[in-house]
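Shown next: target-v7.pdb, containing PDB, C-alpha atoms, pLDDT in the B column.
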ATOM      1  CA  MET A  12       5.096   7.710   6.140  1.00 47.00           C
ATOM      2  CA  THR A  13       5.223   8.699   2.505  1.00 46.00           C
ATOM      3  CA  ASP A  14       2.374   8.859   0.033  1.00 47.00           C
ATOM      4  CA  ILE A  15       3.371   8.438  -3.569  1.00 47.00           C
ATOM      5  CA  SER A  16       0.805   8.749  -6.299  1.00 46.00           C
ATOM      6  CA  THR A  17       0.872   9.554  -9.956  1.00 46.00           C
ATOM      7  CA  PRO A  18      -2.308  10.669 -11.681  1.00 48.00           C
ATOM      8  CA  GLY A  19      -3.465   8.771 -14.708  1.00 46.00           C
ATOM      9  CA  SER A  20      -2.918  10.016 -18.170  1.00 43.00           C
ATOM     10  CA  ALA A  21      -5.204   9.757 -21.138  1.00 43.00           C
ATOM     11  CA  SER A  22      -4.783  10.254 -24.816  1.00 41.00           C
ATOM     12  CA  GLN A  23      -7.315  10.428 -27.592  1.00 45.00           C
ATOM     13  CA  ALA A  24      -4.804  10.179 -30.451  1.00 45.00           C
ATOM     14  CA  THR A  25      -4.081   6.484 -30.964  1.00 47.00           C
ATOM     15  CA  PRO A  26      -4.094   3.425 -28.713  1.00 47.00           C
ATOM     16  CA  LEU A  27      -0.326   3.065 -29.179  1.00 50.00           C
ATOM     17  CA  ALA A  28       0.331   6.635 -28.028  1.00 53.00           C
ATOM     18  CA  ALA A  29      -2.016   6.154 -25.049  1.00 50.00           C
ATOM     19  CA  THR A  30      -0.260   2.935 -24.056  1.00 58.00           C
ATOM     20  CA  SER A  31       3.164   4.565 -24.375  1.00 72.00           C
ATOM     21  CA  SER A  32       2.082   7.483 -22.201  1.00 71.00           C
ATOM     22  CA  THR A  33       0.583   5.094 -19.650  1.00 68.00           C
ATOM     23  CA  VAL A  34       3.719   2.961 -19.557  1.00 76.00           C
ATOM     24  CA  ASN A  35       5.726   6.130 -18.887  1.00 80.00           C
ATOM     25  CA  THR A  36       3.378   6.966 -16.002  1.00 75.00           C
ATOM     26  CA  ILE A  37       3.845   3.495 -14.513  1.00 74.00           C
ATOM     27  CA  HIS A  38       7.616   3.717 -15.002  1.00 80.00           C
ATOM     28  CA  THR A  39       7.702   7.080 -13.173  1.00 81.00           C
ATOM     29  CA  THR A  40       5.635   5.663 -10.303  1.00 73.00           C
ATOM     30  CA  LEU A  41       7.872   2.626  -9.894  1.00 76.00           C
ATOM     31  CA  ASP A  42      10.980   4.827  -9.983  1.00 80.00           C
ATOM     32  CA  LYS A  43       9.552   6.831  -7.080  1.00 75.00           C
ATOM     33  CA  PHE A  44       8.977   3.633  -5.114  1.00 73.00           C
ATOM     34  CA  LEU A  45      12.475   2.336  -5.733  1.00 73.00           C
ATOM     35  CA  SER A  46      13.950   5.599  -4.495  1.00 73.00           C
ATOM     36  CA  ALA A  47      11.718   5.626  -1.366  1.00 69.00           C
ATOM     37  CA  ALA A  48      12.119   1.972  -0.305  1.00 66.00           C
ATOM     38  CA  ASN A  49      15.855   1.402  -0.124  1.00 67.00           C
ATOM     39  CA  VAL A  50      18.453   0.387   2.452  1.00 67.00           C
ATOM     40  CA  GLU A  51      18.835   3.949   3.756  1.00 72.00           C
ATOM     41  CA  ALA A  52      15.134   3.841   4.689  1.00 71.00           C
ATOM     42  CA  VAL A  53      15.684   0.684   6.780  1.00 76.00           C
ATOM     43  CA  TYR A  54      18.864   1.683   8.610  1.00 80.00           C
ATOM     44  CA  GLY A  55      18.955   5.301   9.695  1.00 81.00           C
ATOM     45  CA  PRO A  56      22.099   7.386  10.100  1.00 85.00           C
ATOM     46  CA  SER A  57      24.267   6.316  13.012  1.00 87.00           C
ATOM     47  CA  ILE A  58      24.286   8.437  16.156  1.00 90.00           C
ATOM     48  CA  SER A  59      27.565   8.621  18.109  1.00 93.00           C
ATOM     49  CA  GLN A  60      27.796   9.509  21.795  1.00 91.00           C
ATOM     50  CA  GLY A  61      31.249   8.958  23.269  1.00 91.00           C
ATOM     51  CA  GLU A  62      32.205   5.310  22.746  1.00 93.00           C
ATOM     52  CA  HIS A  63      28.634   4.276  21.935  1.00 94.00           C
ATOM     53  CA  VAL A  64      27.099   4.194  18.454  1.00 94.00           C
ATOM     54  CA  VAL A  65      23.353   3.725  17.899  1.00 93.00           C
ATOM     55  CA  ILE A  66      21.914   2.703  14.535  1.00 91.00           C
ATOM     56  CA  PRO A  67      18.119   2.862  14.230  1.00 90.00           C
ATOM     57  CA  ALA A  68      16.470   0.078  12.209  1.00 89.00           C
ATOM     58  CA  ALA A  69      13.020   0.251  10.625  1.00 86.00           C
ATOM     59  CA  GLU A  70      10.593  -1.987   8.792  1.00 85.00           C
ATOM     60  CA  VAL A  71       9.630  -0.690   5.347  1.00 81.00           C
ATOM     61  CA  LEU A  72       6.491  -1.820   3.514  1.00 81.00           C
ATOM     62  CA  SER A  73       5.812  -0.773  -0.083  1.00 78.00           C
ATOM     63  CA  MET A  74       2.464  -1.202  -1.791  1.00 80.00           C
ATOM     64  CA  VAL A  75       1.855  -0.327  -5.402  1.00 76.00           C
ATOM     65  CA  GLY A  76      -0.969  -0.728  -7.862  1.00 76.00           C
ATOM     66  CA  PHE A  77      -1.507   0.365 -11.399  1.00 72.00           C
ATOM     67  CA  GLY A  78      -3.641  -0.262 -14.405  1.00 75.00           C
ATOM     68  CA  LEU A  79      -3.920   0.706 -18.003  1.00 73.00           C
ATOM     69  CA  GLY A  80      -6.168   0.181 -20.937  1.00 77.00           C
ATOM     70  CA  SER A  81      -6.785   1.238 -24.486  1.00 78.00           C
ATOM     71  CA  GLY A  82      -9.335   0.580 -27.111  1.00 78.00           C
ATOM     72  CA  GLY A  83     -10.729   1.585 -30.427  1.00 77.00           C
ATOM     73  CA  GLY A  84     -13.869   1.215 -32.380  1.00 74.00           C
ATOM     74  CA  SER A  85     -16.135   2.589 -35.015  1.00 72.00           C
ATOM     75  CA  GLN A  86     -19.779   3.505 -35.171  1.00 65.00           C
ATOM     76  CA  SER A  87     -22.212   3.106 -37.977  1.00 62.00           C
ATOM     77  CA  ALA A  88     -22.629   6.086 -40.235  1.00 57.00           C
ATOM     78  CA  SER A  89     -24.999   8.730 -38.934  1.00 59.00           C
ATOM     79  CA  GLU A  90     -26.045  12.213 -40.018  1.00 59.00           C
ATOM     80  CA  SER A  91     -23.704  14.064 -37.642  1.00 62.00           C
ATOM     81  CA  SER A  92     -20.555  12.011 -38.254  1.00 61.00           C
ATOM     82  CA  PRO A  93     -20.498   9.849 -41.356  1.00 61.00           C
ATOM     83  CA  ASN A  94     -17.162   8.154 -40.561  1.00 66.00           C
ATOM     84  CA  ALA A  95     -17.045   8.033 -36.780  1.00 66.00           C
ATOM     85  CA  ILE A  96     -13.911   6.202 -35.639  1.00 75.00           C
ATOM     86  CA  GLY A  97     -12.662   6.553 -32.104  1.00 73.00           C
ATOM     87  CA  SER A  98      -9.938   5.265 -29.894  1.00 78.00           C
ATOM     88  CA  GLY A  99      -8.531   6.069 -26.523  1.00 78.00           C
ATOM     89  CA  GLY A 100      -6.613   4.817 -23.608  1.00 77.00           C
ATOM     90  CA  GLY A 101      -5.502   5.693 -20.174  1.00 75.00           C
ATOM     91  CA  GLY A 102      -4.037   4.445 -16.990  1.00 72.00           C
ATOM     92  CA  GLY A 103      -2.724   5.377 -13.631  1.00 70.00           C
ATOM     93  CA  GLY A 104      -0.871   4.145 -10.645  1.00 68.00           C
ATOM     94  CA  GLY A 105      -0.250   4.884  -7.045  1.00 72.00           C
ATOM     95  CA  GLY A 106       0.763   3.408  -3.776  1.00 77.00           C
ATOM     96  CA  ARG A 107       2.150   3.947  -0.364  1.00 81.00           C
ATOM     97  CA  VAL A 108       5.410   3.401   1.475  1.00 79.00           C
ATOM     98  CA  LEU A 109       5.085   2.771   5.211  1.00 80.00           C
ATOM     99  CA  SER A 110       7.933   2.577   7.682  1.00 80.00           C
ATOM    100  CA  ARG A 111       8.106   2.086  11.427  1.00 83.00           C
ATOM    101  CA  PRO A 112      11.012   1.727  13.849  1.00 85.00           C
ATOM    102  CA  VAL A 113      11.599  -1.848  15.018  1.00 89.00           C
ATOM    103  CA  ALA A 114      14.982  -1.842  16.766  1.00 90.00           C
ATOM    104  CA  ALA A 115      18.043   0.101  17.794  1.00 91.00           C
ATOM    105  CA  ILE A 116      21.455  -1.472  17.230  1.00 92.00           C
ATOM    106  CA  ILE A 117      23.796  -0.327  19.992  1.00 94.00           C
ATOM    107  CA  MET A 118      27.552  -0.736  19.579  1.00 95.00           C
ATOM    108  CA  SER A 119      29.771  -0.137  22.604  1.00 93.00           C
ATOM    109  CA  PRO A 120      33.131  -1.331  23.903  1.00 93.00           C
ATOM    110  CA  ASP A 121      31.201  -4.113  25.696  1.00 93.00           C
ATOM    111  CA  GLY A 122      29.853  -5.482  22.397  1.00 94.00           C
ATOM    112  CA  VAL A 123      26.887  -5.131  20.078  1.00 95.00           C
ATOM    113  CA  ARG A 124      23.288  -5.546  21.203  1.00 95.00           C
ATOM    114  CA  VAL A 125      19.937  -5.096  19.554  1.00 94.00           C
ATOM    115  CA  GLU A 126      17.176  -3.426  21.557  1.00 93.00           C
ATOM    116  CA  PRO A 127      13.681  -3.971  20.133  1.00 93.00           C
ATOM    117  CA  ILE A 128      11.284  -1.037  19.947  1.00 90.00           C
ATOM    118  CA  VAL A 129       7.846  -2.166  21.122  1.00 90.00           C
ATOM    119  CA  ASP A 130       4.806  -0.247  19.907  1.00 87.00           C
ATOM    120  CA  VAL A 131       2.563  -0.369  22.990  1.00 91.00           C
ATOM    121  CA  THR A 132      -0.276   1.440  21.224  1.00 91.00           C
ATOM    122  CA  LYS A 133      -0.404  -1.183  18.471  1.00 90.00           C
ATOM    123  CA  ILE A 134      -0.445  -4.004  21.031  1.00 93.00           C
ATOM    124  CA  ALA A 135      -3.221  -2.317  23.038  1.00 96.00           C
ATOM    125  CA  LEU A 136      -5.324  -1.832  19.886  1.00 96.00           C
ATOM    126  CA  ALA A 137      -4.871  -5.499  18.987  1.00 96.00           C
ATOM    127  CA  VAL A 138      -5.955  -6.585  22.486  1.00 97.00           C
ATOM    128  CA  PHE A 139      -9.063  -4.376  22.482  1.00 97.00           C
ATOM    129  CA  THR A 140      -9.986  -5.493  18.956  1.00 97.00           C
ATOM    130  CA  THR A 141      -9.677  -9.144  19.971  1.00 97.00           C
ATOM    131  CA  LEU A 142     -11.727  -8.634  23.127  1.00 97.00           C
ATOM    132  CA  GLY A 143     -14.423  -6.774  21.182  1.00 97.00           C
ATOM    133  CA  PHE A 144     -14.602  -9.523  18.584  1.00 97.00           C
ATOM    134  CA  MET A 145     -14.821 -12.223  21.270  1.00 96.00           C
ATOM    135  CA  ALA A 146     -17.563 -10.330  23.137  1.00 95.00           C
ATOM    136  CA  THR A 147     -19.567  -9.921  19.932  1.00 93.00           C
ATOM    137  CA  VAL A 148     -19.285 -13.612  19.055  1.00 92.00           C
ATOM    138  CA  LEU A 149     -20.230 -14.757  22.568  1.00 91.00           C
ATOM    139  CA  THR A 150     -23.197 -12.367  22.673  1.00 90.00           C
ATOM    140  CA  ARG A 151     -24.469 -13.634  19.328  1.00 87.00           C
ATOM    141  CA  MET A 152     -23.976 -17.262  20.368  1.00 86.00           C
ATOM    142  CA  ASN A 153     -25.995 -16.775  23.574  1.00 84.00           C
ATOM    143  CA  ASN A 154     -28.817 -14.850  21.902  1.00 80.00           C
ATOM    144  CA  PRO A 155     -31.969 -17.036  22.175  1.00 72.00           C
ATOM    145  CA  LYS A 156     -33.388 -15.612  18.939  1.00 74.00           C
ATOM    146  CA  ARG A 157     -30.482 -17.081  17.007  1.00 65.00           C
ATOM    147  CA  ARG A 158     -30.731 -20.594  18.408  1.00 62.00           C
ATOM    148  CA  PRO A 159     -32.198 -23.140  16.028  1.00 63.00           C
ATOM    149  CA  LYS A 160     -35.677 -24.395  16.840  1.00 65.00           C
ATOM    150  CA  PHE A 161     -36.111 -28.130  16.811  1.00 68.00           C
ATOM    151  CA  ASP A 162     -39.555 -29.647  16.397  1.00 62.00           C
ATOM    152  CA  ARG A 163     -40.199 -32.198  19.073  1.00 57.00           C
ATOM    153  CA  GLU A 164     -42.761 -34.811  18.217  1.00 54.00           C
TER     154      GLU A 164
END
Now that the file is in, can you turn its structure into structure tokens?
Amino acid sequence: MTDISTPGSASQATPLAATSSTVNTIHTTLDKFLSAANVEAVYGPSISQGEHVVIPAAEVLSMVGFGLGSGGGSQSASESSPNAIGSGGGGGGGGRVLSRPVAAIIMSPDGVRVEPIVDVTKIALAVFTTLGFMATVLTRMNNPKRRPKFDRE
């Protein structure tokens, strides 16, 4: 699991300079993602043992988000700053690259086979979450305080 984040940058000079700096930040962040989520991350290095070769395979998920903004404005003349003009901008980005093993490709003189890697913990968590949700729904459905009251005339 790899965390990739790039802090935002801000500039008070001009909106164009702030946007340029922000675009560079986003470009740097995306470059990091492209280097982290590639084919080498999916297929690991092969492991040889005698006539058998094992190649691990993984699932890679990349998530990225970014934003930027800039603006400018002026204020009416006041005693402290007669010609107050301001501008600024900033932005930032970040994300996460997740990977998990999903299979092992085994090559031998008998042929090639793919052995799936089952995550028992993930399956158990899904089962318990489903059972908890079902128990909560059934309990709420059977609660007499929640049943609608009908007026009988």
Within 12 Å of file point (28.0, 2.2, 23.2), counting only C-alpha atoms, expressed as a VMD selection string: chain A and resid 57 to 66 115 to 125
Top pick for closest residue to Ala52 in chain A, considering A:Leu109, A:Ile37, A:Ile134, A:Met152 and counting all atoms listed in the file: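 Using all atoms listed in the file, the shortest distance to Ala52 in chain A belongs to A:Leu109.
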Given the PyMOL selection byres ((chain A and resi 83) around 9), the residues it picks as a ChimeraX atom specification: /A:25-26,81-82,84-85,96-100
Ground truth for the PyMOL selection byres ((chain A and resi 71) around 7), written as a list of chain:residue names: A:Ala48, A:Val53, A:Ala69, A:Glu70, A:Leu72, A:Ser73, A:Leu109, A:Ser110, A:Arg111
As AutoDock Vina command-line options: centre and edge lengths in Å, one decimal, of the axis-aligned box holding range 95-113 of chain A with 4 Å per side:
--center_x -2.7 --center_y 3.1 --center_z -10.9 --size_x 36.6 --size_y 17.9 --size_z 59.8
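Distance check against Pro56 in chain A using all atoms listed in the file: of A:Ala114, A:Ala68, A:Lys156, A:Leu41, the minimum falls on A:Ala68.
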